[in-house]
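Written below as structure tokens is the structure these notes are about.
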Amino acid sequence: MTPNSQFKNFLNFFHKSPGRLLKYIELLTLKDKSTTIATTDKKSLGEVGVVINTKCNLKCVWCHREEKHIQDSGYLERNGNLEKLKKLLPELKGFECIHWGGLAEPLLNKDIYELTKLARKYVPRVKVTTNGTTLVPKVVTKIIESGFTDIEISLDGFDGETNMKYRGSDESKVIGYLEDLSSRSDIPLQINSVVSAVNIKSLWNAIDKLKNVKNLKKMHTIPLFITKHMNDLGIGPAKEEDHEKLLKHWKERIDHYNLDIKLSPDMEDVTMDPIVSMKRLHNICYTVYEHPFINLDGNISPCGRLQHISFDNVVKLGFDKAWNGPKIRKWREEHLHGNYGTYCQRECHMKNTCPSRLNNLKEFMGSYDEDLRVLEYDENLRVNK
Ligand SMILES: C[S@@+](CC[C@H](N)C(=O)[O-])C[C@H]1O[C@@H](n2cnc3c(N)ncnc32)[C@H](O)[C@@H]1O
Ligand code: SF4
Ligand code: SF4
């Protein structure tokens, strides 16, 4: 008998991460009887997301910035307060990596270099996810000097048109910047590409276009999270079999050029990402136990997509207390009881199995939320609508 090959890379996700593995098994085994407490072992958690601004120079079609409830929440168009961020960083000592990200372009915050230098005193790795449009040689020099250890760049098309159409940036220009960065440093690079029904074809030639980016180590494909804005535009996810075909083709091109680039997910585990499979097969959101995310106000948030929602404050309580504070535990409790609000249903395909509790989420969603309701599955788009 052959073991299920889809599980090939499954355990890599829990490598050196006993706290996360324990919680995963607890949730799978005990389901709604699980505790609402997540591990505070920072080595197990590995990475913490930190938001340092909420401004952006692009207007990508799939971005959550386009969502009315986020725009109305007053969360966008702000710059992080340097002094407050400096107070936050010591709380994060013990993590492997601080990741500057969020619903913004982090490189627009000019304090990012000072913050990165400081962050490196507390953690071994500092990562940024960027749209790459500002990586001109002068900026690259500052990035190298300030001690970034990992850079992720988002590109969603490699055919000279699609990236411009959906992201508003010229991929050839960005690739040129990455070639320059690679010629001057060893910082490993990862390309993030959203995979949707409308851009999947344009991703086909990615490896051919990126082959001269010397430091490129990983191609990360992200299945589309469906926002209301996209629902309204009729944009849906790509088929899983097409996603697999794309990765197979990329693998062939990587081998053809003899490049050292990993695929994430790999060809065989498109559907077996531990977080995605927990959601789809068991209707449990594991993200809120394994991926701490700190929003612009220093508060723990459910995840990057819902970062305008604030739980407890990391500077006031310290990381451990905030990460298992009363607010996020209440949120986890609602999830465990099958109470998923509009956003979790739509974006992560969660099913609300307990509509009578919907009102319990009001305290987090506030007045800028849509009406909380149970969404219906749309056969065409293959999402909850
Ligand atoms: C929100 S952006 C923030 C960082 C930076 N501005 C950038 O674009 O790389 C973080 C990542 O989320 C991806 N993203 C945006 N909207 C998405 C969606 N609806 N589904 C999946 N990924 C999405 C982006 O392409 C990017 O790789
Ligand atoms: S995905 Fe990134 S670059 Fe695009 S609008 Fe959102 S924050 Fe800006
Ligand atoms: S949107 Fe909801 S279900 Fe999805 S990761 Fe965030 S908290 Fe979890």
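Each chain of the structure tokens is named A, B, ... in the order shown, its residues numbered from 1; ligands are numbered from 1 in display order.
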Ligand 3: which residues are within 8 Å, counting only C-alpha atoms and all ligand atoms, as a VMD selection string?
-> chain A and resid 279 284 to 288 302 to 306 340 to 341 343 to 345 347 to 350
Which polymer residues have any atom within 6 Å of an atom of region 316-331 of chain A, counting only C-alpha atoms, with same-chain residues fewer than 5 positions away left out, as a list in words?
->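 Close residues of region 316-331 of chain A: Thr36, Ile37, Thr40, Glu91 and Phe311 of chain A.
Considering only C-alpha atoms, the residue among A:Leu358, A:Asp41, A:Leu30, A:Gly46 positioned nearest to His15 (chain A) is A:Gly46.
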Using only C-alpha atoms and all ligand atoms, which protein or nucleic acid residues are at most 12 Å from ligand 2, as a PDB file with C-alpha atoms, in the first residue's frame?
ATOM      1  CA  VAL A  51       1.482  46.230  11.053  1.00  0.00           C
ATOM      2  CA  ASN A  53       1.175  51.514   8.524  1.00  0.00           C
ATOM      3  CA  THR A  54      -2.063  51.220   6.576  1.00  0.00           C
ATOM      4  CA  LYS A  55      -1.236  53.256   3.472  1.00  0.00           C
ATOM      5  CA  CYS A  56      -0.687  51.896  -0.015  1.00  0.00           C
ATOM      6  CA  ASN A  57       0.327  53.216  -3.435  1.00  0.00           C
ATOM      7  CA  LEU A  58      -1.630  50.523  -5.361  1.00  0.00           C
ATOM      8  CA  LYS A  59      -5.263  49.493  -5.605  1.00  0.00           C
ATOM      9  CA  CYS A  60      -5.195  45.762  -6.293  1.00  0.00           C
ATOM     10  CA  VAL A  61      -8.560  44.336  -7.263  1.00  0.00           C
ATOM     11  CA  TRP A  62      -8.418  41.520  -4.697  1.00  0.00           C
ATOM     12  CA  CYS A  63      -7.116  43.537  -1.814  1.00  0.00           C
ATOM     13  CA  HIS A  64      -9.173  43.823   1.347  1.00  0.00           C
ATOM     14  CA  ARG A  65      -8.499  47.555   1.270  1.00  0.00           C
ATOM     15  CA  GLU A  66     -11.291  47.690  -1.328  1.00  0.00           C
ATOM     16  CA  GLU A  67     -13.834  46.379   1.178  1.00  0.00           C
ATOM     17  CA  LEU A  76      -6.794  52.752   6.648  1.00  0.00           C
ATOM     18  CA  GLU A  77      -4.488  55.603   5.583  1.00  0.00           C
ATOM     19  CA  TRP A 100       6.056  43.593   8.568  1.00  0.00           C
ATOM     20  CA  GLY A 101       2.845  43.243   6.618  1.00  0.00           C
ATOM     21  CA  GLY A 102      -0.815  44.057   6.730  1.00  0.00           C
ATOM     22  CA  LEU A 103      -3.295  45.852   4.560  1.00  0.00           C
ATOM     23  CA  ALA A 104      -0.647  48.258   3.373  1.00  0.00           C
ATOM     24  CA  GLU A 105       2.640  48.752   1.622  1.00  0.00           C
ATOM     25  CA  PRO A 106       5.101  48.625   4.561  1.00  0.00           C
ATOM     26  CA  LEU A 107       7.936  50.262   2.604  1.00  0.00           C
ATOM     27  CA  LEU A 108       5.926  53.493   2.488  1.00  0.00           C
ATOM     28  CA  VAL A 128       8.690  42.243   4.773  1.00  0.00           C
ATOM     29  CA  THR A 129       5.975  41.587   2.210  1.00  0.00           C
ATOM     30  CA  THR A 130       6.029  44.297  -0.426  1.00  0.00           C
ATOM     31  CA  ASN A 131       4.431  45.060  -3.763  1.00  0.00           C
ATOM     32  CA  GLY A 132       7.969  45.760  -4.995  1.00  0.00           C
ATOM     33  CA  THR A 133       7.134  49.011  -6.779  1.00  0.00           C
ATOM     34  CA  THR A 134       9.422  51.174  -4.662  1.00  0.00           C
ATOM     35  CA  GLU A 152       8.410  38.577  -0.124  1.00  0.00           C
ATOM     36  CA  ILE A 153       7.267  40.306  -3.289  1.00  0.00           C
ATOM     37  CA  SER A 154       3.735  40.091  -4.670  1.00  0.00           C
ATOM     38  CA  LEU A 155       3.270  39.626  -8.418  1.00  0.00           C
ATOM     39  CA  ASP A 156       0.061  38.237  -9.891  1.00  0.00           C
ATOM     40  CA  ASN A 163      -0.304  42.180 -13.259  1.00  0.00           C
ATOM     41  CA  MET A 164      -1.007  45.726 -14.430  1.00  0.00           C
ATOM     42  CA  LYS A 165      -4.704  44.964 -14.828  1.00  0.00           C
ATOM     43  CA  TYR A 166      -5.273  43.485 -11.362  1.00  0.00           C
ATOM     44  CA  ARG A 167      -2.420  45.023  -9.313  1.00  0.00           C
ATOM     45  CA  GLY A 168      -1.597  48.183 -11.182  1.00  0.00           C
ATOM     46  CA  SER A 169       2.152  47.529 -11.342  1.00  0.00           C
ATOM     47  CA  ASN A 192       3.705  35.605  -3.684  1.00  0.00           C
ATOM     48  CA  SER A 193       1.120  35.100  -6.406  1.00  0.00           C
ATOM     49  CA  VAL A 194      -2.600  35.169  -5.842  1.00  0.00           C
ATOM     50  CA  ILE A 222      -2.135  31.935  -2.552  1.00  0.00           C
ATOM     51  CA  LEU A 224      -7.851  33.736  -3.594  1.00  0.00           C
ATOM     52  CA  PHE A 225      -9.698  34.878  -0.492  1.00  0.00           C
ATOM     53  CA  GLY A 304      -4.504  39.805   8.514  1.00  0.00           C
ATOM     54  CA  ARG A 305      -7.845  39.919   6.709  1.00  0.00           C
TER      55      ARG A 305
END
Take CA of Ser44 (chain A) and CA of Gly19 (chain A) and report the distance between them in Å, one decimal.
->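 Computing it gives 5.3 Å between the two atoms.
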Write out as a ChimeraX atom specification all residues of region 58-242 of chain A that backbone DSSP assigns to helix (DSSP H, G or I).
-> /A:64-66,68-72,82-92,106-108,112-119,137-146,162-166,171-184,201-203,206-210,228-233,240-242
Write out the residues from the selection above, keeping C-alpha atoms, as an mmCIF file, in the first residue's frame.
data_model
loop_
_atom_site.group_PDB
_atom_site.id
_atom_site.type_symbol
_atom_site.label_atom_id
_atom_site.label_comp_id
_atom_site.auth_asym_id
_atom_site.auth_seq_id
_atom_site.Cartn_x
_atom_site.Cartn_y
_atom_site.Cartn_z
ATOM 1 C CA HIS A 64 -9.173 43.823 1.347
ATOM 2 C CA ARG A 65 -8.499 47.555 1.270
ATOM 3 C CA GLU A 66 -11.291 47.690 -1.328
ATOM 4 C CA LYS A 68 -16.352 48.977 2.289
ATOM 5 C CA HIS A 69 -16.424 47.782 5.898
ATOM 6 C CA ILE A 70 -12.650 48.225 6.160
ATOM 7 C CA GLN A 71 -12.715 51.635 4.510
ATOM 8 C CA ASP A 72 -15.569 52.731 6.793
ATOM 9 C CA LEU A 82 7.383 55.132 15.886
ATOM 10 C CA GLU A 83 7.555 55.503 19.666
ATOM 11 C CA LYS A 84 4.647 53.088 20.219
ATOM 12 C CA LEU A 85 6.168 50.552 17.843
ATOM 13 C CA LYS A 86 9.491 50.826 19.672
ATOM 14 C CA LYS A 87 7.685 49.894 22.891
ATOM 15 C CA LEU A 88 6.052 46.891 21.212
ATOM 16 C CA LEU A 89 9.216 45.254 19.887
ATOM 17 C CA PRO A 90 10.734 44.064 23.219
ATOM 18 C CA GLU A 91 7.481 42.150 23.849
ATOM 19 C CA LEU A 92 8.279 40.043 20.796
ATOM 20 C CA PRO A 106 5.101 48.625 4.561
ATOM 21 C CA LEU A 107 7.936 50.262 2.604
ATOM 22 C CA LEU A 108 5.926 53.493 2.488
ATOM 23 C CA ILE A 112 10.826 50.757 8.583
ATOM 24 C CA TYR A 113 14.636 50.758 8.416
ATOM 25 C CA GLU A 114 15.082 52.010 11.979
ATOM 26 C CA LEU A 115 12.413 49.558 13.176
ATOM 27 C CA THR A 116 14.098 46.682 11.367
ATOM 28 C CA LYS A 117 17.481 47.476 12.923
ATOM 29 C CA LEU A 118 15.850 47.578 16.345
ATOM 30 C CA ALA A 119 13.787 44.421 15.747
ATOM 31 C CA PRO A 137 18.434 51.044 -6.072
ATOM 32 C CA LYS A 138 18.484 53.679 -3.265
ATOM 33 C CA VAL A 139 15.781 51.795 -1.339
ATOM 34 C CA VAL A 140 17.509 48.461 -1.916
ATOM 35 C CA THR A 141 20.667 49.887 -0.337
ATOM 36 C CA LYS A 142 18.699 50.894 2.780
ATOM 37 C CA ILE A 143 17.060 47.480 2.932
ATOM 38 C CA ILE A 144 20.405 45.732 2.815
ATOM 39 C CA GLU A 145 21.961 48.060 5.419
ATOM 40 C CA SER A 146 19.095 47.789 7.906
ATOM 41 C CA THR A 162 -2.419 40.911 -16.139
ATOM 42 C CA ASN A 163 -0.304 42.180 -13.259
ATOM 43 C CA MET A 164 -1.007 45.726 -14.430
ATOM 44 C CA LYS A 165 -4.704 44.964 -14.828
ATOM 45 C CA TYR A 166 -5.273 43.485 -11.362
ATOM 46 C CA GLU A 171 6.044 43.240 -13.396
ATOM 47 C CA SER A 172 9.091 43.747 -15.651
ATOM 48 C CA LYS A 173 10.106 46.823 -13.669
ATOM 49 C CA VAL A 174 9.718 44.977 -10.359
ATOM 50 C CA ILE A 175 11.672 41.981 -11.696
ATOM 51 C CA GLY A 176 14.460 44.388 -12.718
ATOM 52 C CA TYR A 177 14.594 45.720 -9.133
ATOM 53 C CA LEU A 178 14.827 42.142 -7.836
ATOM 54 C CA GLU A 179 17.713 41.361 -10.170
ATOM 55 C CA ASP A 180 19.533 44.417 -8.805
ATOM 56 C CA LEU A 181 18.788 43.394 -5.195
ATOM 57 C CA SER A 182 20.059 39.873 -5.926
ATOM 58 C CA SER A 183 23.300 41.186 -7.397
ATOM 59 C CA ARG A 184 24.038 43.145 -4.208
ATOM 60 C CA LYS A 201 -3.163 31.691 -17.194
ATOM 61 C CA SER A 202 -0.906 34.707 -16.845
ATOM 62 C CA LEU A 203 1.151 32.943 -14.171
ATOM 63 C CA ALA A 206 6.636 33.088 -14.209
ATOM 64 C CA ILE A 207 9.792 30.962 -13.971
ATOM 65 C CA ASP A 208 10.992 32.001 -17.430
ATOM 66 C CA LYS A 209 10.584 35.640 -16.481
ATOM 67 C CA LEU A 210 12.158 35.271 -13.048
ATOM 68 C CA LYS A 228 -17.325 41.182 -1.225
ATOM 69 C CA HIS A 229 -15.767 43.512 -3.784
ATOM 70 C CA MET A 230 -14.663 40.475 -5.829
ATOM 71 C CA ASN A 231 -18.020 38.767 -5.395
ATOM 72 C CA ASP A 232 -19.606 41.869 -6.858
ATOM 73 C CA LEU A 233 -17.137 41.780 -9.783
ATOM 74 C CA GLU A 240 -7.623 23.080 -7.908
ATOM 75 C CA GLU A 241 -6.640 20.917 -10.905
ATOM 76 C CA ASP A 242 -5.534 24.035 -12.817
#
Residue nearest ligand 1 among A:Ala238, A:Val136, A:Ile187, A:Leu21 (counting only C-alpha atoms and all ligand atoms) =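 Closest candidate: A:Ala238.
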Nearest to Ser301 (chain A): which of A:Phe10, A:Phe364, A:Val276, A:Lys217 is it, counting only C-alpha atoms?
->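 Smallest distance to Ser301 (chain A) is found for A:Phe364.
The space between CA of Phe293 (chain A) and CA of Ala197 (chain A) spans 28.6 Å.
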Using DSSP on the backbone coordinates, identify all residues within region 172-367 of chain A classified as strand (DSSP E); present the result as a VMD selection string.
-> chain A and resid 189 to 195 216 to 223 262 to 264 293 to 294
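For the pair CA of Arg357 (chain A) and CA of Glu333 (chain A), the separation is 11.0 Å.
Nearest-residue note for ligand 1: choosing from A:Pro3, A:Ala38, A:Arg346, A:Asp186, the minimum distance belongs to A:Arg346, counting only C-alpha atoms and all ligand atoms.
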Can you work out which one of A:Ser196, A:Ser367, A:Asn299, A:Asn359 has the shortest atom-to-atom distance to ligand 1, counting only C-alpha atoms and all ligand atoms?
->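 Ranked by minimum distance to ligand 1, first place goes to A:Ser196.
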12 Å contact set for Lys245 (chain A), only C-alpha atoms, chain neighbours under 2 positions out, as a list in words = Ile200, Lys201, Leu203, Trp204, Ala238, Lys239, Glu240, Glu241, Asp242, His243, Leu247, Lys248, His249, Trp250, Lys251, Glu252, Asp266, Met267, Glu268 and Val270 of chain A
Could the residues in this selection be saved with N, CA and C atoms as an mmCIF file, in the first residue's frame?
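Resulting contents of result_12.cif:
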data_model
loop_
_atom_site.group_PDB
_atom_site.id
_atom_site.type_symbol
_atom_site.label_atom_id
_atom_site.label_comp_id
_atom_site.auth_asym_id
_atom_site.auth_seq_id
_atom_site.Cartn_x
_atom_site.Cartn_y
_atom_site.Cartn_z
ATOM 1 N N ILE A 200 -4.918 33.044 -13.558
ATOM 2 C CA ILE A 200 -4.080 31.836 -13.482
ATOM 3 C C ILE A 200 -3.276 31.610 -14.777
ATOM 4 N N LYS A 201 -3.886 31.906 -15.921
ATOM 5 C CA LYS A 201 -3.163 31.691 -17.194
ATOM 6 C C LYS A 201 -1.906 32.557 -17.253
ATOM 7 N N LEU A 203 0.063 33.353 -15.073
ATOM 8 C CA LEU A 203 1.151 32.943 -14.171
ATOM 9 C C LEU A 203 2.057 31.903 -14.832
ATOM 10 N N TRP A 204 1.625 31.367 -15.961
ATOM 11 C CA TRP A 204 2.292 30.246 -16.612
ATOM 12 C C TRP A 204 3.793 30.494 -16.826
ATOM 13 N N ALA A 238 -9.583 29.837 -8.687
ATOM 14 C CA ALA A 238 -9.199 28.944 -9.782
ATOM 15 C C ALA A 238 -9.543 27.514 -9.379
ATOM 16 N N LYS A 239 -9.641 26.636 -10.383
ATOM 17 C CA LYS A 239 -9.895 25.225 -10.055
ATOM 18 C C LYS A 239 -8.620 24.613 -9.488
ATOM 19 N N GLU A 240 -8.805 23.698 -8.521
ATOM 20 C CA GLU A 240 -7.623 23.080 -7.908
ATOM 21 C C GLU A 240 -6.765 22.336 -8.935
ATOM 22 N N GLU A 241 -7.438 21.683 -9.917
ATOM 23 C CA GLU A 241 -6.640 20.917 -10.905
ATOM 24 C C GLU A 241 -5.807 21.865 -11.779
ATOM 25 N N ASP A 242 -6.323 23.075 -12.030
ATOM 26 C CA ASP A 242 -5.534 24.035 -12.817
ATOM 27 C C ASP A 242 -4.338 24.543 -12.007
ATOM 28 N N HIS A 243 -4.567 24.727 -10.715
ATOM 29 C CA HIS A 243 -3.487 25.146 -9.822
ATOM 30 C C HIS A 243 -2.380 24.071 -9.828
ATOM 31 N N LEU A 247 1.632 24.397 -11.116
ATOM 32 C CA LEU A 247 2.807 24.077 -10.301
ATOM 33 C C LEU A 247 3.676 23.021 -10.992
ATOM 34 N N LYS A 248 3.024 22.097 -11.664
ATOM 35 C CA LYS A 248 3.776 21.047 -12.375
ATOM 36 C C LYS A 248 4.623 21.707 -13.482
ATOM 37 N N HIS A 249 3.997 22.640 -14.180
ATOM 38 C CA HIS A 249 4.715 23.337 -15.249
ATOM 39 C C HIS A 249 5.888 24.142 -14.668
ATOM 40 N N TRP A 250 5.645 24.844 -13.576
ATOM 41 C CA TRP A 250 6.728 25.620 -12.939
ATOM 42 C C TRP A 250 7.880 24.688 -12.547
ATOM 43 N N LYS A 251 7.524 23.531 -12.001
ATOM 44 C CA LYS A 251 8.566 22.583 -11.555
ATOM 45 C C LYS A 251 9.429 22.170 -12.753
ATOM 46 N N GLU A 252 8.757 21.930 -13.884
ATOM 47 C CA GLU A 252 9.509 21.538 -15.089
ATOM 48 C C GLU A 252 10.474 22.650 -15.508
ATOM 49 N N ASP A 266 3.635 22.701 -2.461
ATOM 50 C CA ASP A 266 4.269 21.905 -3.496
ATOM 51 C C ASP A 266 3.168 21.285 -4.361
ATOM 52 N N MET A 267 3.577 20.698 -5.486
ATOM 53 C CA MET A 267 2.587 20.196 -6.458
ATOM 54 C C MET A 267 1.538 19.298 -5.820
ATOM 55 N N GLU A 268 2.014 18.436 -4.922
ATOM 56 C CA GLU A 268 1.102 17.410 -4.437
ATOM 57 C C GLU A 268 0.258 17.853 -3.257
ATOM 58 N N VAL A 270 -1.429 20.930 -2.776
ATOM 59 C CA VAL A 270 -2.241 22.135 -2.987
ATOM 60 C C VAL A 270 -3.435 22.139 -2.030
#
Using only C-alpha atoms, which of A:Lys385, A:Arg373, A:His282, A:Arg332 sits nearest Lys31 (chain A)?
-> A:His282
